[in-house]
Amino acid sequence: MVDCAGLLKAFARADNAGPHTIEASHAKAFTSASAKAPTLAIMENAQKNPAAANLTYIPGFLLLGGGVPVKAGDAVIGAIGVAGAPGGHFDAQCG
């Protein structure tokens with residue numbers, strides 16, 4: 001979980017989770033908090049819109065499902081990042 005600035009606030013990792021899941025989950029949470037949108041939606045938009053494909057060049061952005069904004073009312077106050085399921089669409093469901 002990250003705060004609204006994308007800074008890590010909480011972190012949990014399951015036993016035997018791949019080492020890549022640590023950075024992937026953080027990057028998904030950062031991307032979601034920064035863009036104030038689920039990363040699965042951002043990824044789908046980037047696939048359909050060539051101009052949005054440039055989002056992949058932003059340092060720290062990861063356009064894979066699993067990042068979900070956390071809101072208080074309409075305000076995004078942070079985001080959750082999930083990684084490790086066999087596919088970003090499952091990560092998004094877990095988030």
# chains A, B, ... in the order shown; residues from 1 in each chain; ligands from 1
$ select_by_dssp --residues "range 5-94 of chain A" --states "helix (DSSP H, G or I)" --output "PyMOL selection string"
chain A and resi 20-35+39-48+52-57+88-94
$ write_last_selection --atoms "N, CA and C atoms" --output "compact mmCIF listing (two decimals), in the first residue's frame"
# COMPACT_ATOMS: atom_id res chain seq x y z
N HIS A 20 10.33 -10.99 -7.64
CA HIS A 20 9.88 -9.88 -8.50
C HIS A 20 8.57 -9.27 -8.01
N THR A 21 7.81 -10.00 -7.20
CA THR A 21 6.50 -9.50 -6.76
C THR A 21 6.62 -8.29 -5.84
N ILE A 22 7.74 -8.14 -5.18
CA ILE A 22 7.93 -7.01 -4.27
C ILE A 22 7.92 -5.70 -5.05
N GLU A 23 8.79 -5.60 -6.04
CA GLU A 23 8.87 -4.37 -6.84
C GLU A 23 7.63 -4.20 -7.72
N ALA A 24 7.11 -5.30 -8.25
CA ALA A 24 5.94 -5.20 -9.13
C ALA A 24 4.74 -4.66 -8.36
N SER A 25 4.50 -5.15 -7.16
CA SER A 25 3.34 -4.67 -6.40
C SER A 25 3.51 -3.20 -6.03
N HIS A 26 4.72 -2.81 -5.68
CA HIS A 26 4.96 -1.41 -5.34
C HIS A 26 4.75 -0.52 -6.57
N ALA A 27 5.26 -0.94 -7.72
CA ALA A 27 5.11 -0.15 -8.94
C ALA A 27 3.64 -0.04 -9.35
N LYS A 28 2.88 -1.11 -9.18
CA LYS A 28 1.45 -1.06 -9.50
C LYS A 28 0.73 -0.08 -8.58
N ALA A 29 1.03 -0.13 -7.29
CA ALA A 29 0.41 0.79 -6.34
C ALA A 29 0.80 2.23 -6.66
N PHE A 30 2.08 2.47 -6.95
CA PHE A 30 2.56 3.81 -7.30
C PHE A 30 1.83 4.33 -8.54
N THR A 31 1.71 3.50 -9.56
CA THR A 31 1.05 3.89 -10.80
C THR A 31 -0.41 4.23 -10.54
N SER A 32 -1.09 3.40 -9.78
CA SER A 32 -2.50 3.63 -9.49
C SER A 32 -2.72 4.90 -8.68
N ALA A 33 -1.90 5.12 -7.67
CA ALA A 33 -2.03 6.34 -6.85
C ALA A 33 -1.72 7.57 -7.69
N SER A 34 -0.70 7.50 -8.51
CA SER A 34 -0.29 8.64 -9.32
C SER A 34 -1.35 9.00 -10.36
N ALA A 35 -1.89 7.99 -11.03
CA ALA A 35 -2.87 8.22 -12.09
C ALA A 35 -4.30 8.27 -11.56
N THR A 39 -4.78 0.14 -12.47
CA THR A 39 -3.75 -0.09 -13.48
C THR A 39 -4.26 -0.94 -14.64
N LEU A 40 -5.22 -1.81 -14.41
CA LEU A 40 -5.77 -2.59 -15.51
C LEU A 40 -6.43 -1.67 -16.53
N ALA A 41 -7.16 -0.66 -16.07
CA ALA A 41 -7.81 0.30 -16.96
C ALA A 41 -6.76 1.15 -17.69
N ILE A 42 -5.69 1.53 -16.99
CA ILE A 42 -4.62 2.31 -17.61
C ILE A 42 -3.96 1.49 -18.71
N MET A 43 -3.68 0.21 -18.42
CA MET A 43 -3.06 -0.68 -19.39
C MET A 43 -3.94 -0.83 -20.63
N GLU A 44 -5.24 -1.07 -20.42
CA GLU A 44 -6.16 -1.24 -21.55
C GLU A 44 -6.24 0.03 -22.39
N ASN A 45 -6.23 1.19 -21.73
CA ASN A 45 -6.23 2.46 -22.45
C ASN A 45 -4.96 2.63 -23.28
N ALA A 46 -3.84 2.26 -22.71
CA ALA A 46 -2.56 2.39 -23.42
C ALA A 46 -2.49 1.46 -24.62
N GLN A 47 -3.13 0.31 -24.52
CA GLN A 47 -3.14 -0.63 -25.66
C GLN A 47 -4.01 -0.11 -26.80
N LYS A 48 -5.06 0.65 -26.47
CA LYS A 48 -5.98 1.15 -27.49
C LYS A 48 -5.57 2.52 -28.05
N ALA A 52 -1.16 7.12 -25.36
CA ALA A 52 -1.08 6.68 -23.96
C ALA A 52 -0.02 5.60 -23.77
N ALA A 53 0.41 4.96 -24.84
CA ALA A 53 1.45 3.93 -24.73
C ALA A 53 2.74 4.51 -24.18
N ASN A 54 2.94 5.81 -24.32
CA ASN A 54 4.15 6.46 -23.78
C ASN A 54 4.19 6.47 -22.26
N LEU A 55 3.08 6.13 -21.61
CA LEU A 55 3.08 6.06 -20.15
C LEU A 55 4.11 5.05 -19.64
N THR A 56 4.44 4.07 -20.44
CA THR A 56 5.41 3.05 -20.01
C THR A 56 6.80 3.64 -19.80
N TYR A 57 7.04 4.85 -20.32
CA TYR A 57 8.34 5.48 -20.17
C TYR A 57 8.47 6.32 -18.90
N GLY A 88 -2.19 -10.53 -14.60
CA GLY A 88 -2.58 -9.23 -14.05
C GLY A 88 -4.06 -9.10 -13.80
N HIS A 89 -4.89 -9.79 -14.60
CA HIS A 89 -6.32 -9.72 -14.36
C HIS A 89 -6.69 -10.36 -13.03
N PHE A 90 -5.97 -11.41 -12.60
CA PHE A 90 -6.21 -12.00 -11.29
C PHE A 90 -5.68 -11.09 -10.18
N ASP A 91 -4.53 -10.45 -10.43
CA ASP A 91 -4.02 -9.48 -9.46
C ASP A 91 -5.03 -8.37 -9.24
N ALA A 92 -5.66 -7.90 -10.33
CA ALA A 92 -6.66 -6.83 -10.23
C ALA A 92 -7.85 -7.27 -9.40
N GLN A 93 -8.28 -8.51 -9.58
CA GLN A 93 -9.40 -9.04 -8.80
C GLN A 93 -9.04 -9.12 -7.32
N CYS A 94 -7.81 -9.53 -7.04
CA CYS A 94 -7.36 -9.61 -5.64
C CYS A 94 -7.30 -8.22 -5.00
$ residues_around --residues "Val70 in chain A" --least-positions-apart "5" --cutoff "7 Å" --atoms "only C-alpha atoms" --output "PDB file with N, CA, C and O atoms, in the first residue's frame"
ATOM      1  N   VAL A  76      -8.588  10.251  -3.813  1.00  0.00           N
ATOM      2  CA  VAL A  76      -7.653   9.131  -3.774  1.00  0.00           C
ATOM      3  C   VAL A  76      -6.645   9.413  -2.667  1.00  0.00           C
ATOM      4  O   VAL A  76      -5.942  10.429  -2.694  1.00  0.00           O
ATOM      5  N   ILE A  77      -6.606   8.526  -1.679  1.00  0.00           N
ATOM      6  CA  ILE A  77      -5.707   8.714  -0.534  1.00  0.00           C
ATOM      7  C   ILE A  77      -4.542   7.735  -0.549  1.00  0.00           C
ATOM      8  O   ILE A  77      -3.669   7.777   0.305  1.00  0.00           O
ATOM      9  N   GLY A  78      -4.516   6.857  -1.530  1.00  0.00           N
ATOM     10  CA  GLY A  78      -3.448   5.880  -1.652  1.00  0.00           C
ATOM     11  C   GLY A  78      -3.818   4.851  -2.689  1.00  0.00           C
ATOM     12  O   GLY A  78      -4.743   5.052  -3.473  1.00  0.00           O
ATOM     13  N   ALA A  79      -3.100   3.723  -2.662  1.00  0.00           N
ATOM     14  CA  ALA A  79      -3.388   2.641  -3.598  1.00  0.00           C
ATOM     15  C   ALA A  79      -2.812   1.339  -3.073  1.00  0.00           C
ATOM     16  O   ALA A  79      -1.860   1.329  -2.289  1.00  0.00           O
ATOM     17  N   ILE A  80      -3.412   0.267  -3.536  1.00  0.00           N
ATOM     18  CA  ILE A  80      -2.950  -1.090  -3.231  1.00  0.00           C
ATOM     19  C   ILE A  80      -2.314  -1.646  -4.497  1.00  0.00           C
ATOM     20  O   ILE A  80      -2.814  -1.412  -5.600  1.00  0.00           O
TER      21      ILE A  80
END
$ atom_distance --atom1 "CA of Gly18 in chain A" --atom2 "CA of Gly6 in chain A"
22.4 Å
$ select_by_dssp --residues "chain A" --states "strand (DSSP E)" --output "PyMOL selection string"
chain A and resi 2-3+67-72+75-81
$ write_last_selection --atoms "all heavy atoms" --output "CSV table (one decimal), in the first residue's frame"
chain,number,residue,atom,x,y,z
A,2,VAL,N,0.5,2.2,-0.8
A,2,VAL,CA,1.2,3.5,-0.8
A,2,VAL,C,0.2,4.6,-0.5
A,2,VAL,O,-1.0,4.4,-0.5
A,2,VAL,CB,1.8,3.8,-2.2
A,2,VAL,CG1,2.8,2.7,-2.6
A,2,VAL,CG2,0.7,3.9,-3.3
A,3,ASP,N,0.8,5.7,-0.1
A,3,ASP,CA,-0.1,6.9,0.2
A,3,ASP,C,-0.3,7.6,-1.1
A,3,ASP,O,0.0,7.2,-2.2
A,3,ASP,CB,0.6,7.8,1.3
A,3,ASP,CG,1.9,8.4,0.9
A,3,ASP,OD1,2.3,8.4,-0.3
A,3,ASP,OD2,2.6,8.9,1.7
A,67,GLY,N,-3.0,-2.8,-9.6
A,67,GLY,CA,-3.0,-1.6,-8.8
A,67,GLY,C,-4.4,-1.0,-8.7
A,67,GLY,O,-5.1,-0.9,-9.8
A,68,VAL,N,-4.8,-0.7,-7.5
A,68,VAL,CA,-6.2,-0.2,-7.3
A,68,VAL,C,-6.1,1.0,-6.4
A,68,VAL,O,-5.6,0.9,-5.3
A,68,VAL,CB,-7.1,-1.3,-6.7
A,68,VAL,CG1,-8.5,-0.8,-6.5
A,68,VAL,CG2,-7.1,-2.6,-7.6
A,69,PRO,N,-6.7,2.1,-6.8
A,69,PRO,CA,-6.7,3.3,-5.9
A,69,PRO,C,-7.6,3.0,-4.6
A,69,PRO,O,-8.6,2.3,-4.7
A,69,PRO,CB,-7.3,4.4,-6.7
A,69,PRO,CG,-8.0,3.8,-7.9
A,69,PRO,CD,-7.4,2.4,-8.0
A,70,VAL,N,-7.1,3.6,-3.5
A,70,VAL,CA,-7.9,3.6,-2.3
A,70,VAL,C,-8.5,5.0,-2.1
A,70,VAL,O,-7.7,6.0,-2.2
A,70,VAL,CB,-7.0,3.3,-1.1
A,70,VAL,CG1,-7.8,3.4,0.2
A,70,VAL,CG2,-6.4,1.9,-1.2
A,71,LYS,N,-9.8,5.1,-1.9
A,71,LYS,CA,-10.5,6.4,-1.9
A,71,LYS,C,-11.2,6.6,-0.5
A,71,LYS,O,-11.6,5.7,0.1
A,71,LYS,CB,-11.5,6.5,-3.0
A,71,LYS,CG,-10.9,6.5,-4.4
A,71,LYS,CD,-12.0,6.7,-5.4
A,71,LYS,CE,-11.4,6.7,-6.8
A,71,LYS,NZ,-12.5,7.0,-7.8
A,72,ALA,N,-11.2,7.9,-0.2
A,72,ALA,CA,-12.1,8.4,0.9
A,72,ALA,C,-13.0,9.3,0.3
A,72,ALA,O,-12.6,10.4,-0.1
A,72,ALA,CB,-11.2,9.0,2.0
A,75,ALA,N,-11.8,11.3,-3.0
A,75,ALA,CA,-10.4,11.6,-3.0
A,75,ALA,C,-9.6,10.3,-2.9
A,75,ALA,O,-9.9,9.5,-2.1
A,75,ALA,CB,-10.1,12.5,-1.8
A,76,VAL,N,-8.6,10.3,-3.8
A,76,VAL,CA,-7.7,9.1,-3.8
A,76,VAL,C,-6.6,9.4,-2.7
A,76,VAL,O,-5.9,10.4,-2.7
A,76,VAL,CB,-6.9,8.9,-5.1
A,76,VAL,CG1,-5.9,7.9,-5.0
A,76,VAL,CG2,-8.0,8.6,-6.2
A,77,ILE,N,-6.6,8.5,-1.7
A,77,ILE,CA,-5.7,8.7,-0.5
A,77,ILE,C,-4.5,7.7,-0.5
A,77,ILE,O,-3.7,7.8,0.3
A,77,ILE,CB,-6.5,8.6,0.8
A,77,ILE,CG1,-7.1,7.2,0.9
A,77,ILE,CG2,-7.5,9.7,0.9
A,77,ILE,CD1,-7.7,7.0,2.3
A,78,GLY,N,-4.5,6.9,-1.5
A,78,GLY,CA,-3.4,5.9,-1.7
A,78,GLY,C,-3.8,4.9,-2.7
A,78,GLY,O,-4.7,5.1,-3.5
A,79,ALA,N,-3.1,3.7,-2.7
A,79,ALA,CA,-3.4,2.6,-3.6
A,79,ALA,C,-2.8,1.3,-3.1
A,79,ALA,O,-1.9,1.3,-2.3
A,79,ALA,CB,-2.8,2.9,-5.0
A,80,ILE,N,-3.4,0.3,-3.5
A,80,ILE,CA,-3.0,-1.1,-3.2
A,80,ILE,C,-2.3,-1.6,-4.5
A,80,ILE,O,-2.8,-1.4,-5.6
A,80,ILE,CB,-4.1,-2.0,-2.8
A,80,ILE,CG1,-4.8,-1.5,-1.5
A,80,ILE,CG2,-3.7,-3.4,-2.7
A,80,ILE,CD1,-6.1,-2.1,-1.2
A,81,GLY,N,-1.2,-2.4,-4.3
A,81,GLY,CA,-0.6,-3.1,-5.5
A,81,GLY,C,-0.5,-4.6,-5.1
A,81,GLY,O,0.0,-4.9,-4.1
$ atom_distance --atom1 "CA of Pro86 in chain A" --atom2 "CA of Leu8 in chain A"
23.9 Å
